[in-house]
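Text of final_21.txt (compact mmCIF, C-alpha atoms) as supplied:
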```txt
# COMPACT_ATOMS: atom_id res chain seq x y z
CA MET J 11 28.32 47.47 -17.10
CA PHE J 12 24.66 46.84 -16.36
CA ALA J 13 21.81 45.68 -18.48
CA GLN J 14 18.64 47.69 -18.65
CA PHE J 15 16.33 47.16 -15.70
CA VAL J 16 13.60 45.98 -18.03
CA ASP J 17 15.36 44.64 -21.03
CA LEU J 18 14.54 42.12 -23.66
CA ASN J 19 17.38 40.22 -25.20
CA LEU J 20 16.77 37.20 -27.37
CA TRP J 21 20.10 35.67 -26.43
CA ARG J 22 19.31 35.82 -22.72
CA VAL J 23 15.84 34.39 -23.25
CA PHE J 24 17.43 31.62 -25.25
CA VAL J 25 19.94 30.95 -22.46
CA THR J 26 17.08 30.85 -19.94
CA ILE J 27 15.22 28.33 -22.04
CA CYS J 28 18.34 26.17 -22.34
CA ASN J 29 18.96 26.44 -18.61
CA THR J 30 15.39 25.46 -17.88
CA LEU J 31 15.56 22.49 -20.22
CA ILE J 32 18.77 21.35 -18.54
CA THR J 33 17.15 21.83 -15.13
CA PHE J 34 14.18 19.86 -16.38
CA LEU J 35 16.46 17.00 -17.37
CA ILE J 36 18.23 17.20 -14.02
CA VAL J 37 14.94 17.10 -12.13
CA LYS J 38 13.61 14.33 -14.29
CA HIS J 39 16.71 12.20 -14.17
CA PHE J 40 17.94 12.77 -10.64
CA LEU J 41 14.69 13.34 -8.79
CA TYR J 42 11.76 11.80 -10.60
CA LYS J 43 13.38 8.71 -12.09
CA PRO J 44 14.70 7.23 -8.84
CA LEU J 45 11.66 8.29 -6.86
CA ARG J 46 9.18 6.98 -9.39
CA ASN J 47 11.11 3.72 -9.59
CA MET J 48 11.10 3.46 -5.84
CA LEU J 49 7.40 4.30 -5.60
CA ALA J 50 6.60 1.75 -8.30
CA ALA J 51 8.70 -0.86 -6.50
CA ARG J 52 6.91 -0.08 -3.27
CA GLU J 53 3.53 -0.26 -4.95
CA GLN J 54 4.52 -3.58 -6.47
CA GLU J 55 5.64 -4.87 -3.12
CA VAL J 56 2.49 -3.71 -1.40
CA SER J 57 0.28 -5.34 -4.00
CA ASP J 58 2.41 -8.49 -3.79
CA LEU J 59 1.99 -8.46 -0.04
CA TYR J 60 -1.73 -8.05 -0.40
CA ALA J 61 -1.92 -10.85 -2.95
CA LYS J 62 0.16 -13.08 -0.71
CA ALA J 63 -2.00 -12.23 2.29
CA GLU J 64 -5.06 -13.09 0.24
CA THR J 65 -3.65 -16.47 -0.84
CA ASP J 66 -2.55 -17.15 2.72
CA ARG J 67 -6.00 -16.34 3.96
CA ARG J 68 -7.57 -18.62 1.36
CA GLU J 69 -5.16 -21.38 2.28
CA ALA J 70 -5.88 -20.94 5.95
CA GLU J 71 -9.59 -21.05 5.24
CA ALA J 72 -9.21 -24.25 3.22
CA MET J 73 -7.10 -25.73 5.99
CA LYS J 74 -9.68 -24.72 8.54
CA ARG J 75 -12.36 -26.37 6.47
CA ASP J 76 -10.25 -29.51 6.19
CA TYR J 77 -9.60 -29.52 9.90
CA THR J 78 -13.25 -29.02 10.68
CA VAL J 79 -14.12 -31.92 8.42
CA SER J 80 -11.45 -34.18 9.84
CA ILE J 81 -12.36 -33.26 13.41
CA ALA J 82 -15.98 -34.09 12.63
CA ASN J 83 -14.79 -37.36 11.08
CA ALA J 84 -12.69 -38.12 14.12
CA LYS J 85 -15.60 -37.42 16.41
CA GLN J 86 -17.79 -39.67 14.29
CA GLU J 87 -15.15 -42.35 14.37
CA ALA J 88 -14.80 -42.08 18.12
CA ALA J 89 -18.54 -42.31 18.51
CA ASP J 90 -18.54 -45.34 16.21
CA ILE J 91 -15.78 -46.96 18.20
CA VAL J 92 -17.56 -46.32 21.48
CA SER J 93 -20.90 -47.57 20.22
CA GLY J 94 -19.24 -50.59 18.62
CA ALA J 95 -17.52 -51.37 21.89
CA GLN J 96 -20.77 -50.96 23.73
CA LYS J 97 -22.54 -53.29 21.34
CA ARG J 98 -19.79 -55.83 21.59
CA ALA J 99 -19.86 -55.61 25.36
CA GLU J 100 -23.62 -56.06 25.41
CA LYS J 101 -23.35 -59.02 23.09
CA ARG J 102 -20.58 -60.46 25.18
CA SER J 103 -22.50 -60.03 28.38
CA GLU J 104 -25.50 -61.64 26.77
CA GLU J 105 -23.32 -64.48 25.61
CA ILE J 106 -21.88 -64.88 29.06
CA LEU J 107 -25.34 -64.89 30.58
CA GLN J 108 -26.48 -67.36 27.98
CA GLN J 109 -23.54 -69.57 28.66
CA ALA J 110 -24.09 -69.31 32.40
CA ASN J 111 -27.74 -70.15 31.93
CA THR J 112 -26.87 -73.10 29.76
CA GLU J 113 -24.27 -74.27 32.18
CA ALA J 114 -26.66 -73.89 35.08
CA ALA J 115 -29.33 -75.79 33.18
CA THR J 116 -26.86 -78.56 32.37
CA LEU J 117 -25.72 -78.72 35.95
CA LYS J 118 -29.32 -78.77 37.12
CA LYS J 119 -30.18 -81.53 34.67
CA ARG J 120 -27.17 -83.53 35.69
CA ALA J 121 -28.01 -83.07 39.35
CA GLU J 122 -31.58 -84.13 38.68
CA GLU J 123 -30.35 -87.15 36.80
CA SER J 124 -28.01 -88.11 39.56
CA ILE J 125 -30.78 -87.59 42.10
CA GLU J 126 -33.03 -89.80 40.04
CA GLN J 127 -30.33 -92.38 39.78
CA GLU J 128 -29.75 -92.24 43.50
CA ARG J 129 -33.45 -92.49 44.05
CA LYS J 130 -33.72 -95.49 41.75
CA LYS J 131 -30.73 -97.07 43.40
CA ALA J 132 -32.21 -96.44 46.80
CA MET J 133 -35.53 -97.76 45.60
CA ASN J 134 -33.89 -100.91 44.29
CA GLU J 135 -31.99 -101.38 47.49
CA LEU J 136 -35.18 -100.74 49.36
CA LYS J 137 -36.93 -103.28 47.19
CA GLY J 138 -34.23 -105.89 47.96
CA GLU J 139 -34.40 -105.11 51.66
CA ILE J 140 -38.15 -105.29 51.66
CA ALA J 141 -38.04 -108.57 49.78
CA ASP J 142 -35.55 -110.03 52.22
CA LEU J 143 -37.52 -108.68 55.07
CA SER J 144 -40.74 -110.11 53.66
CA VAL J 145 -39.18 -113.50 53.10
CA ARG J 146 -37.88 -113.50 56.64
CA ILE J 147 -41.23 -112.40 58.01
CA ALA J 148 -43.06 -114.94 55.90
CA SER J 149 -40.77 -117.75 56.87
CA LYS J 150 -41.23 -116.72 60.41
CA VAL J 151 -44.93 -116.75 59.90
CA VAL J 152 -45.18 -120.12 58.13
CA GLU J 153 -42.43 -121.48 60.23
CA ARG J 154 -41.04 -123.33 57.47
CA GLU J 155 -38.37 -122.98 54.99
CA VAL J 156 -39.75 -121.54 51.87
CA LYS J 157 -37.71 -121.88 48.93
CA GLU J 158 -36.11 -118.57 49.11
CA ASP J 159 -35.64 -117.83 45.46
CA ASP J 160 -39.26 -118.52 44.52
CA HIS J 161 -40.41 -116.49 47.32
CA LYS J 162 -38.31 -113.58 46.50
CA ARG J 163 -39.57 -113.54 42.98
CA MET J 164 -43.11 -113.58 44.15
CA ILE J 165 -42.59 -110.67 46.44
CA GLU J 166 -40.78 -108.65 43.88
CA ASP J 167 -43.60 -109.18 41.51
CA PHE J 168 -45.95 -108.06 44.16
CA ILE J 169 -43.96 -104.93 44.94
CA SER J 170 -43.60 -103.96 41.36
CA LYS J 171 -47.35 -104.41 40.98
CA VAL J 172 -47.97 -102.27 44.03
CA GLY J 173 -45.75 -99.59 42.75
CA MET D 15 23.18 59.94 -1.04
CA ASN D 16 22.14 58.15 -4.17
CA THR D 17 20.62 54.74 -4.49
CA GLU D 18 21.13 53.04 -7.79
CA ILE D 19 18.87 50.39 -9.12
CA ASN D 20 20.22 48.59 -12.13
CA GLY D 21 19.46 45.63 -14.26
CA ALA D 22 21.64 42.55 -14.18
CA ARG D 23 25.35 43.12 -14.29
CA ILE D 24 26.91 42.13 -17.62
CA TYR D 25 30.10 40.19 -16.93
CA TRP D 26 31.16 39.63 -20.48
CA GLN D 27 29.98 40.75 -23.87
CA SER D 28 31.18 39.44 -27.18
CA ASP D 29 32.76 41.71 -29.74
CA PHE D 30 31.22 39.74 -32.57
CA SER D 31 27.55 39.46 -33.10
CA LEU D 32 25.56 36.41 -34.11
CA PRO D 33 22.65 36.60 -36.46
CA LEU D 34 19.32 36.84 -34.63
CA PHE D 35 20.97 37.03 -31.22
CA GLY D 36 23.18 40.03 -31.81
CA GLN D 37 26.01 40.44 -29.33
CA ILE D 38 26.01 37.58 -26.90
CA SER D 39 26.73 38.17 -23.25
CA ILE D 40 27.05 36.56 -19.90
CA THR D 41 25.06 38.34 -17.23
CA GLU D 42 24.65 38.17 -13.49
CA THR D 43 21.26 36.53 -14.04
CA MET D 44 22.80 33.70 -16.02
CA VAL D 45 25.52 33.04 -13.49
CA ASN D 46 22.97 33.08 -10.67
CA ALA D 47 20.75 30.75 -12.70
CA TRP D 48 23.68 28.36 -12.98
CA ILE D 49 24.19 28.57 -9.23
CA VAL D 50 20.49 27.79 -8.78
CA MET D 51 20.83 24.85 -11.17
CA ALA D 52 23.76 23.56 -9.16
CA ILE D 53 21.69 23.88 -5.98
CA ILE D 54 18.82 22.01 -7.65
CA LEU D 55 21.18 19.28 -8.82
CA PHE D 56 22.60 19.00 -5.33
CA LEU D 57 19.11 18.88 -3.79
CA CYS D 58 17.96 16.21 -6.23
CA ILE D 59 20.96 14.03 -5.51
CA PHE D 60 20.78 14.70 -1.79
CA PHE D 61 17.10 13.84 -1.53
CA THR D 62 17.22 10.73 -3.68
CA ARG D 63 20.35 9.27 -2.12
CA ASN D 64 19.86 6.00 -0.35
CA LEU D 65 16.17 5.58 -1.07
CA GLN D 66 14.37 3.05 1.11
CA LYS D 67 11.12 1.22 0.59
CA ILE D 68 10.03 2.47 4.00
CA PRO D 69 10.46 6.25 3.81
CA LYS D 70 12.15 8.11 6.58
CA GLY D 71 13.16 11.72 7.22
CA LYS D 72 14.17 13.53 4.05
CA GLN D 73 12.75 10.82 1.83
CA ALA D 74 9.30 11.23 3.38
CA LEU D 75 9.63 14.97 2.74
CA ILE D 76 10.53 14.65 -0.94
CA GLU D 77 7.90 11.96 -1.48
CA LYS D 78 5.32 14.26 0.03
CA ALA D 79 6.44 17.04 -2.32
CA ILE D 80 6.29 14.74 -5.34
CA VAL D 81 2.83 13.50 -4.41
CA MET D 82 1.72 17.09 -3.84
CA ILE D 83 2.93 18.17 -7.30
CA ASP D 84 1.29 15.09 -8.81
CA GLY D 85 -1.93 16.06 -7.09
CA LEU D 86 -1.72 19.63 -8.38
CA VAL D 87 -1.03 18.42 -11.91
CA GLU D 88 -3.89 15.95 -11.84
CA GLN D 89 -6.27 18.50 -10.33
CA ASN D 90 -5.47 21.21 -12.85
CA MET D 91 -4.71 19.23 -15.98
CA GLY D 92 -6.86 16.17 -15.53
CA PRO D 93 -5.76 12.57 -15.13
CA GLY D 94 -2.99 11.09 -17.25
CA CYS D 95 -0.77 14.16 -17.20
CA GLN D 96 1.83 12.85 -14.81
CA SER D 97 4.54 13.37 -17.39
CA TYR D 98 4.09 17.13 -16.88
CA ALA D 99 4.94 16.83 -13.19
CA PRO D 100 8.74 17.05 -13.65
CA TYR D 101 8.34 20.23 -15.68
CA VAL D 102 6.07 21.77 -13.05
CA MET D 103 8.57 20.74 -10.40
CA THR D 104 11.34 22.34 -12.47
CA LEU D 105 9.40 25.59 -12.73
CA MET D 106 8.62 25.60 -9.01
CA LEU D 107 12.18 24.87 -7.95
CA SER D 108 13.76 27.28 -10.43
CA SER D 109 11.33 30.02 -9.57
CA ILE D 110 11.43 29.64 -5.78
CA LEU D 111 15.17 29.22 -5.59
CA GLY D 112 15.70 31.84 -8.30
CA SER D 113 13.76 34.32 -6.21
CA LEU D 114 15.24 33.24 -2.91
CA VAL D 115 18.89 33.57 -3.93
CA SER D 116 18.35 37.22 -3.04
CA LEU D 117 18.41 36.05 0.58
CA ILE D 118 22.08 35.13 0.24
CA GLY D 119 22.89 38.45 -1.42
CA LEU D 120 22.72 37.39 -5.04
CA ARG D 121 20.52 39.17 -7.51
CA SER D 122 17.25 37.25 -7.99
CA VAL D 123 17.23 35.30 -11.21
CA THR D 124 13.56 36.09 -11.59
CA ALA D 125 14.16 39.83 -11.28
CA ASP D 126 15.21 39.70 -14.91
CA LEU D 127 12.49 39.79 -17.55
CA ASN D 128 14.51 37.49 -19.80
CA THR D 129 14.21 34.68 -17.27
CA THR D 130 10.48 34.86 -16.73
CA LEU D 131 9.89 35.49 -20.42
CA GLY D 132 11.90 32.40 -21.24
CA TRP D 133 9.69 30.31 -18.99
CA ALA D 134 6.54 31.94 -20.33
CA VAL D 135 7.65 31.22 -23.89
CA MET D 136 8.13 27.58 -22.95
CA THR D 137 4.65 27.51 -21.45
CA PHE D 138 3.31 29.23 -24.57
CA VAL D 139 4.93 26.62 -26.79
CA MET D 140 3.41 23.88 -24.65
CA ILE D 141 -0.01 25.52 -24.90
CA MET D 142 0.28 25.74 -28.68
CA TYR D 143 1.53 22.17 -28.91
CA ALA D 144 -1.37 20.89 -26.81
CA ASN D 145 -3.83 22.93 -28.85
CA ILE D 146 -2.52 21.65 -32.16
CA ARG D 147 -2.29 18.10 -30.90
CA TYR D 148 -5.82 17.93 -29.53
CA LYS D 149 -7.65 20.21 -31.94
CA GLY D 150 -5.49 19.83 -35.02
CA LEU D 151 -3.79 22.76 -36.71
CA GLY D 152 -6.97 23.67 -38.56
CA GLY D 153 -9.09 23.48 -35.43
CA TYR D 154 -6.61 25.61 -33.54
CA LEU D 155 -6.51 28.28 -36.23
CA LYS D 156 -10.27 28.15 -36.62
CA GLY D 157 -10.55 28.81 -32.88
CA PHE D 158 -9.25 32.33 -33.54
CA LEU D 159 -12.29 33.13 -35.67
CA GLU D 160 -14.75 32.51 -32.88
CA PRO D 161 -17.28 33.70 -32.02
CA ILE D 162 -17.10 35.76 -35.25
CA PHE D 163 -14.23 36.33 -37.66
CA VAL D 164 -13.79 40.02 -36.78
CA MET D 165 -12.67 38.89 -33.34
CA ALA D 166 -9.58 37.27 -34.87
CA PRO D 167 -7.15 40.13 -34.05
CA LEU D 168 -8.39 40.24 -30.45
CA ASN D 169 -8.05 36.48 -30.15
CA VAL D 170 -4.48 36.64 -31.44
CA VAL D 171 -3.71 39.42 -28.97
CA SER D 172 -5.22 37.47 -26.08
CA GLU D 173 -3.25 34.39 -27.09
CA ILE D 174 -0.01 36.36 -27.11
CA ALA D 175 -1.00 38.17 -23.93
CA THR D 176 -0.82 34.91 -22.02
CA PRO D 177 2.98 34.56 -21.95
CA VAL D 178 3.48 38.30 -21.76
CA SER D 179 1.23 38.71 -18.74
CA MET D 180 2.69 35.66 -17.05
CA SER D 181 6.27 36.81 -17.50
CA PHE D 182 5.60 40.42 -16.52
CA ARG D 183 3.62 39.40 -13.46
CA HIS D 184 6.43 37.27 -12.13
CA PHE D 185 9.17 39.67 -13.11
CA GLY D 186 7.29 42.69 -11.79
CA ASN D 187 6.63 41.16 -8.39
CA ILE D 188 10.19 40.11 -7.76
CA ALA D 189 11.83 43.16 -9.33
CA GLY D 190 9.38 45.46 -7.54
CA GLY D 191 10.18 43.82 -4.24
CA MET D 192 13.85 44.23 -4.96
CA VAL D 193 13.35 47.91 -5.79
CA ILE D 194 11.38 48.54 -2.63
CA SER D 195 13.94 46.71 -0.51
CA THR D 196 16.75 48.71 -2.08
CA LEU D 197 14.90 51.98 -1.70
CA LEU D 198 14.08 51.21 1.91
CA LEU D 199 17.67 50.32 2.62
CA GLY D 200 18.78 53.58 1.05
CA ALA D 201 16.15 55.54 2.96
CA LEU D 202 17.16 53.99 6.24
CA ALA D 203 20.80 54.70 5.54
CA ALA D 204 19.88 58.29 4.75
CA LEU D 205 17.91 58.50 7.98
CA SER D 206 20.90 57.24 9.97
CA THR D 207 23.13 59.78 8.27
CA ALA D 208 20.65 62.57 8.89
CA LEU D 209 20.54 61.74 12.59
CA HIS D 210 24.38 61.63 12.68
CA LEU D 211 24.43 58.12 14.02
CA PRO D 212 27.84 56.43 13.92
CA LEU D 213 26.29 53.20 12.68
CA PRO D 214 23.29 52.82 10.32
CA ILE D 215 21.29 50.99 12.99
CA PHE D 216 17.98 51.50 11.22
CA GLN D 217 19.20 49.14 8.57
CA ILE D 218 19.16 46.34 11.14
CA GLY D 219 15.93 44.41 11.36
CA ILE D 220 13.48 46.67 9.56
CA PRO D 221 14.43 45.58 6.01
CA GLY D 222 14.28 41.99 7.20
CA VAL D 223 10.59 42.32 8.06
CA LEU D 224 9.84 43.65 4.61
CA SER D 225 12.07 41.04 3.05
CA LEU D 226 9.84 38.45 4.65
CA TYR D 227 7.04 39.62 2.40
CA PHE D 228 8.86 40.84 -0.71
CA ASP D 229 11.38 38.04 -0.95
CA LEU D 230 10.02 34.99 0.84
CA PHE D 231 6.27 35.31 0.43
CA SER D 232 6.32 36.96 -2.95
CA GLY D 233 8.93 34.56 -4.28
CA CYS D 234 6.97 31.50 -3.18
CA ILE D 235 3.57 32.80 -4.24
CA GLN D 236 4.81 33.88 -7.67
CA ALA D 237 6.41 30.48 -8.24
CA PHE D 238 3.12 28.89 -7.28
CA ILE D 239 1.09 31.22 -9.51
CA PHE D 240 3.39 30.72 -12.46
CA SER D 241 3.24 26.93 -12.14
CA MET D 242 -0.50 26.97 -11.60
CA LEU D 243 -1.09 29.13 -14.65
CA THR D 244 1.12 26.89 -16.73
CA MET D 245 -0.85 23.83 -15.62
CA VAL D 246 -4.22 25.49 -16.11
CA TYR D 247 -3.44 26.86 -19.57
CA VAL D 248 -1.88 23.65 -20.86
CA GLY D 249 -4.61 21.59 -19.20
CA SER D 250 -7.41 23.60 -20.75
CA ALA D 251 -5.70 23.42 -24.13
CA ARG D 252 -5.60 19.63 -23.77
CA GLN D 253 -9.20 19.33 -22.73
CA ALA D 254 -10.66 21.69 -25.28
```
Reformat the file's structure so that it appears as structure tokens.
Amino acid sequence: MFAQFVDLNLWRVFVTICNTLITFLIVKHFLYKPLRNMLAAREQEVSDLYAKAETDRREAEAMKRDYTVSIANAKQEAADIVSGAQKRAEKRSEEILQQANTEAATLKKRAEESIEQERKKAMNELKGEIADLSVRIASKVVEREVKEDDHKRMIEDFISKVG
Amino acid sequence: MNTEINGARIYWQSDFSLPLFGQISITETMVNAWIVMAIILFLCIFFTRNLQKIPKGKQALIEKAIVMIDGLVEQNMGPGCQSYAPYVMTLMLSSILGSLVSLIGLRSVTADLNTTLGWAVMTFVMIMYANIRYKGLGGYLKGFLEPIFVMAPLNVVSEIATPVSMSFRHFGNIAGGMVISTLLLGALAALSTALHLPLPIFQIGIPGVLSLYFDLFSGCIQAFIFSMLTMVYVGSARQA
């Protein structure tokens, strides 16, 4: 038995509508629900990734800034250390020079003193010699014994007066 | 030799009759529709099995289809209508597969006016619902009196013409294609007989070329047209 080629039957329309509604539920439940969930999960993940990348980038930037600052600090410190060392070395060398100068001056002074002393000593000795010599010459000249002590005194006086 | 073209085969008809529906029956169209539903169910489960965050193969395909339908819905109905996408997808799948079951020798589900009329009635209900929701019942009814009240009968006719034209367009295309294919097959068989060929060799190949248009192309394009019209009508009812 066949239906009409173009027929209109409320029952069959009704069955079609029911079928379509069931198909709709099938499509919605078995196709759209899992896919939409998956797409939402993926979207979430992508946005999470982007957010994480952004925070990472910020962190890296902050770290870079920190590093730049600390490197600059380190450079400054190194420069300070070097200049401090230089200053200290200069000061030290000056001190050493000073000390050397002082020492040299002391040595020179001492040498001068000792020279003076030697000179004085030599002068005194010379004075004695000259006195003796004078007494001997005088006694030879007067041919008589002069009282040596008086004589000596006289001559010494004379020498000291002469210079 | 006679070629018979019939409506859907009636497998079972009740002896009793229900009010409003009359005698209820189970027809070839219904059984084929159930087969199509089973195919759709299988496809849905097959395509959404083992979904991955990084799409691959069949998943990329179905995602592309979903995004495409979403795009169509948004383009024709405006933004915020994503909830209509499953219905549009249902229409597309039912219509395409319902037309294409003819390729495996079953009678097209859409070559039965009751099928396309059922869908058109659903679309019509959605149009009315959208109209009443966005214009209010009074606004919707008042719309029939524009531009002047004497136009009211014409407006009512044009409103009712929407589902009728939609259903007849779809039905006519598919059923017409089926008729032409059947007639051609009969004609080719007659030609073979007239030439006293032992085998009806004309029936090889030639109907296939026509089937390419009348079954494949027509089936796909009608599904597309039906879905598009549904979206456009409902969308314009929402926006008005």
Could you list, as a list in words, the residues of chain D having an atom within 7 Å of chain J when counting only C-alpha atoms?
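Close enough to count are Asn20, Gly21, Ala22, Arg23, Ile24, Phe35, Ile38, Met51, Leu55, Cys58, Ile59, Thr62, Lys67, Pro100, Tyr101, Thr104, Leu127, Asn128, Thr129, Leu131, Gly132 and Trp133 of chain D.
When CA of Ser113 (chain D) is paired with CA of Phe182 (chain D), their separation reads 14.5 Å.
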So how far away is CA of Thr137 (chain D) from CA of Met103 (chain D), in Å?
13.5 Å
Measure the distance from CA of Asn169 (chain D) to CA of Gly157 (chain D) in Å and round it to one decimal.
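Separation between CA of Asn169 (chain D) and CA of Gly157 (chain D): 8.5 Å.
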Write out as a ChimeraX atom specification the residues lying within 7 Å of Ala134 (chain D), counting only C-alpha atoms and excluding same-chain residues fewer than 4 positions away.
/D:130,138,177,180-181
Please tabulate, as JSON lines, the residues of region 108-221 of chain D that come within 6 Å of region 237-250 of chain D, each with its closest pair of atoms and the distance in Å to one decimal, counting only C-alpha atoms and ordering rows by chain, then residue number upward.
```
{"residue": "D:Ser109", "atom": "CA", "partner": "D:Ala237", "partner_atom": "CA", "distance": 5.1}
{"residue": "D:Ile110", "atom": "CA", "partner": "D:Ala237", "partner_atom": "CA", "distance": 5.7}
{"residue": "D:Thr137", "atom": "CA", "partner": "D:Thr244", "partner_atom": "CA", "distance": 5.9}
{"residue": "D:Ile141", "atom": "CA", "partner": "D:Val248", "partner_atom": "CA", "distance": 4.8}
```
For Gln253 (chain D), which residue out of D:Asn46, D:Ala99, D:Leu120, D:Ala144 is the nearest one, using all atoms listed in the file?
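Closest to Gln253 (chain D), using all atoms listed in the file: D:Ala144.
Using only C-alpha atoms, the shortest contact distance between Gly200 (chain D) and any of D:Asn145, D:Phe216, D:Gly186, D:Leu230 is found at D:Phe216.
Take the candidates D:Ala204, D:Val45, D:Leu65, D:Val50 and check each one against Glu77 (chain D) using all atoms listed in the file; the shortest distance goes to D:Leu65.
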